[in-house]
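S.K.: Can you keep this structure in mind? I'll have questions shortly.
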Amino acid sequence: MDILLIGSGGREHALAWKLTQSLHCDDLYCAPGNGGISQYATCVALDIMDNDAVVAFCKDKGIGFVVVGPEQPLVNGIVDALEAADIPAFGPSAFAAQLEGSKGFTKDLCAEFNIPTAAYQRFNNAPKAKMYVRQQNEGRGAPIVIKADGLAAGKGVIVATTLDEAIDAIDMCFEGSFGAAGAEVVVEAFLEGEEASLFAICDGQTAMLMGTAQDHKRVGDGDIGPNTGGMGAYSPAPILTQELIDEVMSDIIVPTLAGMHHKGHPFKGILYAGLMLTKDGPQLIEYNTRFGDPECQVLMPRLKTDLVELMLAAASGNLLEIEAEWDDKAALTVVLASKGYPAEYEKNTEIEGVDAAEKSGALVFHAGTAEKDGKLLATGGRVLNVTGFGNTITEAQTSAYMAIDQIKWDNGFCRRDIGWRAVEREKG
Ligand code: AMP
Ligand code: GLY
């Protein structure tokens with residue numbers, strides 16, 4: 001069948017790379033795609049937030065299956081629109097995508113179905129939110145976490161270390177710093193521990209593990225500086241032992257699926273659980289309803305099973321009939337970003353040496369590039385993801401940085417310590 005992939009980042013490059021290895025994939029289209037995805041797919045300039053345009057394109061081309069990468073079109077109901085037109089698609093309905101699109105929705109689901117997560121309250125006005133904050137932590141307020149309810153491109157969460165910071169964060173939300181996403185606010189208790197992510201593919205009733213990973217959200221070495229979309233990741237996350245994975249599946253993922261089913265809106269697609277491993281056990285920080293970026297760039301190379309078969313089984317409610325097989329090797333990806341990211345950065349600077357990086361055995365996924373007159377140009381903040389492999393995370397880290405060092409790009413930078421937690425652990 002011909003497949004349409006929605007999105008334009010490194011995640012979608014990794015998906016395109018994997019989808020085109022499937023026996024079920026004839027022509028792959030990608031909307032809008034990027035300079036790396038175009039090696040695998042015909043890139044089409046569709047507005048992915050215009051559901052009618054996407055449906056019309058699929059009908060015109062006879063698309064047999066649609067795979068949605070990013071969260072915005074999911075929350076915007078792209079899967080509902082496609083299914084209404086009898087076009088099978090991989091991803092949750094708009095209702096089910098609220099697990100990512102509304103933090104309050106997810107917290108209420110956790111409360112209703114006894115899923116471990118930080119204590120919280122929802123607010124639609126600043127005075128009540130501030131009053132609540134002032135009552136927390138025996139009147140000290142902080143540390144406490146303030147979250148804009150809706151999608152805010154990863155920016156709507158403020159971990160406040162003082163009462164003043166928390167009060168400012170509440171004002172920012174209600175004064176519109178995060179647009180409509182901040183019209184409602186979740187205030188929640190600060191959780192202490194190490195973060196890790198677990199991915200599950202879901203068919204509405206059944207959930208199957210799709211790997212574990214750890215991301216690096218801060219821009220600088222040693223986890224300092226502003227938050228980003230993610231500066232690097234590795235998989236598997238050794239901190240998530242089989243025992244912890246079983247606990248997360250049974251105490252967090254399974255009750256979430258059961259809860260959504262009970263509400264009459266079964267969840268299909270990828271459930272990405274952001275977890276805090278606290279001394280009292282794993283707690284859910286948040287859900288995303290899609291693959292992570294850059295986590296997908298370490299998951300796809302480790303997946304041995306045909307991705308289209310898995311996704312078709314999930315979309316049609318038949319996950320029990322298929323198994324996912326994984327490579328034991330470790331994968332680690334480093335994000336090369338434009339200098340200045342996550343703030344302002346220069347565009348259209350030239351990158352050389354990607355071929356040499358790939359010859360060293362790494363995979364280079366493009367996140368924000370375009371090709372012009374035979375030159376590769378950086379067009380985004382996060383630009384390339386270089387994924388290395390090895391028997392350990394340490395080996396995968398060495399392989400990724402060896403490949404990175406082949407790339408010549410004056411306007412680029414990367415963190416040099418991706419994987420440090422796992423590498424420290426491997427040293428024993
Ligand atoms: P989120 O967008 O919900 O993943 O939040 C972004 C980041 O904020 C997370 O990756 C955590 O590092 C941090 N965070 C969110 N909620 C909490 C919490 N309740 N306690 C401590 N840190 C948190
Ligand atoms: N890497 C974090 C995310 O995809 O949300």
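Ligands are numbered from 1 in the order shown, chains are lettered A, B, ... in the order of the structure tokens, and residues start at 1 in each chain.
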Would you name the residues within 7 Å of ligand 2, counting only C-alpha atoms and all ligand atoms, and put them as a ChimeraX atom specification?

M.R.: /A:154,215,229-230,288,291-295

S.K.: Using only C-alpha atoms and all ligand atoms, find each residue of chain A with at least one atom at most 8 Å away from an atom of ligand 1; report its shortest atom-to-atom pair and that distance in Å (one decimal), sort the rows by chain and rising residue number, and return the result as CSV.

M.R.:
residue,atom,partner,partner_atom_place_in_ligand_line,distance
A:Lys103,CA,ligand 1,3 (O),7.9
A:Thr117,CA,ligand 1,19 (N),7.9
A:Ala118,CA,ligand 1,19 (N),5.5
A:Ile144,CA,ligand 1,20 (N),7.2
A:Val145,CA,ligand 1,19 (N),5.7
A:Lys147,CA,ligand 1,3 (O),7.4
A:Gly154,CA,ligand 1,2 (O),5.4
A:Lys155,CA,ligand 1,2 (O),7.2
A:Gly156,CA,ligand 1,2 (O),6.9
A:Val157,CA,ligand 1,5 (O),5.3
A:Ile158,CA,ligand 1,8 (O),6.8
A:Val159,CA,ligand 1,22 (N),6.1
A:Glu188,CA,ligand 1,19 (N),5.6
A:Ala189,CA,ligand 1,19 (N),5.2
A:Phe190,CA,ligand 1,20 (N),3.7
A:Leu191,CA,ligand 1,20 (N),3.7
A:Glu192,CA,ligand 1,21 (C),6.1
A:Glu195,CA,ligand 1,12 (O),7.0
A:Lys217,CA,ligand 1,10 (O),7.1
A:Gly274,CA,ligand 1,4 (O),6.2
A:Met276,CA,ligand 1,21 (C),7.6
A:Ile285,CA,ligand 1,16 (N),5.2
A:Glu286,CA,ligand 1,3 (O),4.9
A:Tyr287,CA,ligand 1,3 (O),7.7

S.K.: From the options A:Leu99, A:Ala16, A:Ala183, A:Ala126, which residue's atoms come nearest to Ile253 in chain A, counting only C-alpha atoms?

M.R.: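 Ranked by minimum distance to Ile253 in chain A, first place goes to A:Leu99.
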
S.K.: Quick one: of A:Arg122, A:Arg11, A:Arg218, A:Arg290, who's nearest to Phe267 in chain A, counting only C-alpha atoms?

M.R.: A:Arg290

S.K.: Taking into account only C-alpha atoms, which residue in the set A:Asn34, A:Gly281, A:Tyr29, A:Glu12 is nearest to Gly62 in chain A?

M.R.: A:Tyr29

S.K.: Determine the nearest neighbour of Ile48 in chain A from the options A:Leu163, A:Ala14, A:Ile6, A:Val334, counting only C-alpha atoms.

M.R.: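 The closest residue to Ile48 in chain A is A:Ile6.
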
S.K.: Considering only C-alpha atoms, state which residue in the set A:Arg302, A:Glu138, A:Gly390, A:Pro92 is at the smallest distance from Gly204 in chain A.

M.R.: A:Pro92

S.K.: Near Leu312 in chain A, within 10 Å and counting only C-alpha atoms, which residues show up once chain neighbours fewer than 5 positions away are dropped, as number ranges by chain?

M.R.: A: 24, 65-67, 88-90, 203, 307, 317-319

S.K.: Might you pull out every residue within 12 Å of Glu175 in chain A, with only C-alpha atoms counted and same-chain residues fewer than 4 positions away left off, and present them as a PyMOL selection string?

M.R.: chain A and resi 124-126+148+168-171+179-185
